[in-house]
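All remarks here apply to the structure that follows.
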Amino acid sequence: MNFNILSYLIYLPVTFYIILIVGFTFYRNGQHYIENIIPDNLGLVRVINRMLLLGYYLINLGYVTLTISFWQPINSLQQMCEVLSTKTGFIMVLLGLLHFNNLFCLWWFREKLKTVIN
Amino acid sequence: METNFIFVAYCIYLPLAIALTVYVSRQLFSNSKVFMLDIFHGRQDIALSTNKLFETGFYLLNIGFALLILKITDVIPGFNPQRMFEVLALKLGGFSIYLGIMLFANLYLFFRGKRKSSEHAKADFKNSIVK
């Protein structure tokens, strides 16, 4: 019996759920950061934030969907468990690293801005 | 079908690893609010946002890593629960050490942020006196 379709049916909802929830958390909490960098222009802040969210969704959901086509055949329940967890774990670690990279960029940008103003 | 201990080991490993991550992250990020409020000089909105952002990143990195290292490459032949426990102990112990290192890395970031922000505050104070 081939477990591929079953594992796609588990993989896609799980990763989509993670990406959607994480993206929405970033969207809500990141607004304060952008407000900090661009003060006194709430309209621009909202537009930038929404565009960033849209880009994030497009790239990540696209990537997750694209990787489906490169899976090897899965022949047992154990192998399905391994493949699913390795792929999901890879996506999550990648998201986490990108996220911390983003935070450092924002921090760095703010420091630069402070020195320029002073 | 023969009893496959690798699958049993996965069923024990996954809940334990995820529960450990959730516990550590709850502890860390309920205590880090104090740091954040200190770093951002009591500005509630950005302090809580930063806390939430770090928490999400922590969950992603650590649960992701737990899932990544799940695969057991050793062969556990036949009925051999002893071998299964040894393999599980290696995985869970290693993951726990990794979590500890991540915890200290986060604490280092918090302390560094605190030092930087107090330096900035002192510099601003000096500038205001000079002007």
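Residues are referred to by chain and number: the chain letter is A, B, ... according to the order shown in the structure tokens, the number counts from 1 in that chain, and ligands are numbered separately from 1 in the order shown.
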
Hey, which bits of chain A sit within 8 Å of chain B, and for each residue what's the closest pair of atoms and how far apart in Å (one decimal), counting only C-alpha atoms, rows by chain and increasing number, as a Markdown table?
```
| residue | atom | partner | partner_atom | distance |
| --- | --- | --- | --- | --- |
| A:Val22 | CA | B:Thr56 | CA | 7.2 |
| A:Thr25 | CA | B:Leu53 | CA | 7.7 |
| A:Phe26 | CA | B:Leu53 | CA | 6.7 |
| A:Asn29 | CA | B:Ser49 | CA | 4.9 |
| A:Gly30 | CA | B:Ser49 | CA | 7.2 |
| A:His32 | CA | B:Ile46 | CA | 5.8 |
| A:Tyr33 | CA | B:Ile46 | CA | 7.0 |
| A:Gln78 | CA | B:Phe7 | CA | 5.7 |
| A:Glu82 | CA | B:Lys71 | CA | 5.5 |
| A:Ser85 | CA | B:Leu67 | CA | 5.0 |
| A:Thr86 | CA | B:Leu68 | CA | 4.5 |
| A:Lys87 | CA | B:Leu68 | CA | 7.5 |
| A:Thr88 | CA | B:Gly64 | CA | 7.0 |
| A:Gly89 | CA | B:Gly64 | CA | 3.8 |
| A:Phe90 | CA | B:Leu68 | CA | 6.2 |
| A:Ile91 | CA | B:Gly64 | CA | 7.3 |
| A:Met92 | CA | B:Gly64 | CA | 4.7 |
| A:Val93 | CA | B:Leu61 | CA | 4.7 |
| A:Leu94 | CA | B:Leu61 | CA | 7.9 |
| A:Leu95 | CA | B:Leu60 | CA | 6.9 |
| A:Gly96 | CA | B:Leu61 | CA | 5.0 |
| A:Leu97 | CA | B:Leu61 | CA | 7.1 |
| A:His99 | CA | B:Gly57 | CA | 6.4 |
| A:Phe100 | CA | B:Gly57 | CA | 6.7 |
```

Output N, CA and C atoms for every residue in the selection just made, as an mmCIF file, in the first residue's frame.
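This is the output file again.cif:
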```cif
data_model
loop_
_atom_site.group_PDB
_atom_site.id
_atom_site.type_symbol
_atom_site.label_atom_id
_atom_site.label_comp_id
_atom_site.auth_asym_id
_atom_site.auth_seq_id
_atom_site.Cartn_x
_atom_site.Cartn_y
_atom_site.Cartn_z
ATOM 1 N N VAL A 22 1.453 31.547 12.366
ATOM 2 C CA VAL A 22 2.698 32.281 12.629
ATOM 3 C C VAL A 22 2.685 33.626 11.902
ATOM 4 N N THR A 25 0.492 36.068 13.689
ATOM 5 C CA THR A 25 1.133 36.568 14.913
ATOM 6 C C THR A 25 2.160 37.639 14.581
ATOM 7 N N PHE A 26 2.968 37.385 13.545
ATOM 8 C CA PHE A 26 3.974 38.376 13.151
ATOM 9 C C PHE A 26 3.308 39.664 12.695
ATOM 10 N N ASN A 29 2.010 41.625 15.793
ATOM 11 C CA ASN A 29 3.030 42.153 16.694
ATOM 12 C C ASN A 29 4.080 42.993 15.987
ATOM 13 N N GLY A 30 4.230 42.791 14.680
ATOM 14 C CA GLY A 30 5.252 43.535 13.946
ATOM 15 C C GLY A 30 4.855 44.973 13.687
ATOM 16 N N HIS A 32 3.923 47.281 15.699
ATOM 17 C CA HIS A 32 4.560 48.216 16.629
ATOM 18 C C HIS A 32 5.985 48.530 16.190
ATOM 19 N N TYR A 33 6.665 47.517 15.639
ATOM 20 C CA TYR A 33 8.041 47.726 15.190
ATOM 21 C C TYR A 33 8.101 48.714 14.055
ATOM 22 N N GLN A 78 5.879 3.698 9.475
ATOM 23 C CA GLN A 78 7.063 4.243 10.121
ATOM 24 C C GLN A 78 7.762 5.251 9.218
ATOM 25 N N GLU A 82 8.519 9.320 9.700
ATOM 26 C CA GLU A 82 9.838 9.934 9.569
ATOM 27 C C GLU A 82 9.816 11.074 8.557
ATOM 28 N N SER A 85 7.747 14.140 9.677
ATOM 29 C CA SER A 85 8.321 14.956 10.737
ATOM 30 C C SER A 85 9.579 15.659 10.265
ATOM 31 N N THR A 86 10.385 14.993 9.423
ATOM 32 C CA THR A 86 11.587 15.662 8.926
ATOM 33 C C THR A 86 11.228 16.880 8.073
ATOM 34 N N LYS A 87 10.233 16.705 7.182
ATOM 35 C CA LYS A 87 9.872 17.826 6.292
ATOM 36 C C LYS A 87 9.269 18.973 7.090
ATOM 37 N N THR A 88 8.328 18.646 8.010
ATOM 38 C CA THR A 88 7.703 19.713 8.796
ATOM 39 C C THR A 88 8.738 20.408 9.670
ATOM 40 N N GLY A 89 9.647 19.599 10.268
ATOM 41 C CA GLY A 89 10.689 20.172 11.109
ATOM 42 C C GLY A 89 11.582 21.102 10.322
ATOM 43 N N PHE A 90 11.925 20.711 9.095
ATOM 44 C CA PHE A 90 12.775 21.562 8.261
ATOM 45 C C PHE A 90 12.100 22.904 7.998
ATOM 46 N N ILE A 91 10.807 22.838 7.631
ATOM 47 C CA ILE A 91 10.064 24.077 7.360
ATOM 48 C C ILE A 91 10.061 24.967 8.608
ATOM 49 N N MET A 92 9.823 24.353 9.792
ATOM 50 C CA MET A 92 9.713 25.153 11.007
ATOM 51 C C MET A 92 11.048 25.788 11.385
ATOM 52 N N VAL A 93 12.143 25.013 11.272
ATOM 53 C CA VAL A 93 13.461 25.573 11.593
ATOM 54 C C VAL A 93 13.792 26.713 10.627
ATOM 55 N N LEU A 94 13.457 26.510 9.355
ATOM 56 C CA LEU A 94 13.717 27.543 8.351
ATOM 57 C C LEU A 94 12.969 28.826 8.696
ATOM 58 N N LEU A 95 11.666 28.671 9.048
ATOM 59 C CA LEU A 95 10.856 29.835 9.421
ATOM 60 C C LEU A 95 11.456 30.535 10.634
ATOM 61 N N GLY A 96 11.883 29.737 11.633
ATOM 62 C CA GLY A 96 12.444 30.314 12.851
ATOM 63 C C GLY A 96 13.705 31.096 12.566
ATOM 64 N N LEU A 97 14.594 30.522 11.737
ATOM 65 C CA LEU A 97 15.847 31.212 11.419
ATOM 66 C C LEU A 97 15.571 32.516 10.677
ATOM 67 N N HIS A 99 12.919 34.255 10.826
ATOM 68 C CA HIS A 99 12.276 35.182 11.745
ATOM 69 C C HIS A 99 13.311 35.894 12.614
ATOM 70 N N PHE A 100 14.287 35.139 13.167
ATOM 71 C CA PHE A 100 15.303 35.779 13.996
ATOM 72 C C PHE A 100 16.179 36.700 13.161
#
```

Please identify all polymer residues within 12 Å of A:Tyr56, counting only C-alpha atoms, omitting same-chain residues fewer than 3 positions from it, and present them as a VMD selection string.
chain A and resid 19 to 20 22 to 24 26 to 27 49 to 53 59 to 63 95 98 to 99

Which residues in stretch 21-121 of chain B does DSSP call helix (DSSP H, G or I)? List them as a ChimeraX atom specification.
/B:21-39,44-68,81-121

Neighbour list for A:Pro73 as a PyMOL selection string, cut-off 12 Å, only C-alpha atoms, skip fewer than 5 positions in-chain
chain A and resi 1-8+68+79-80+83
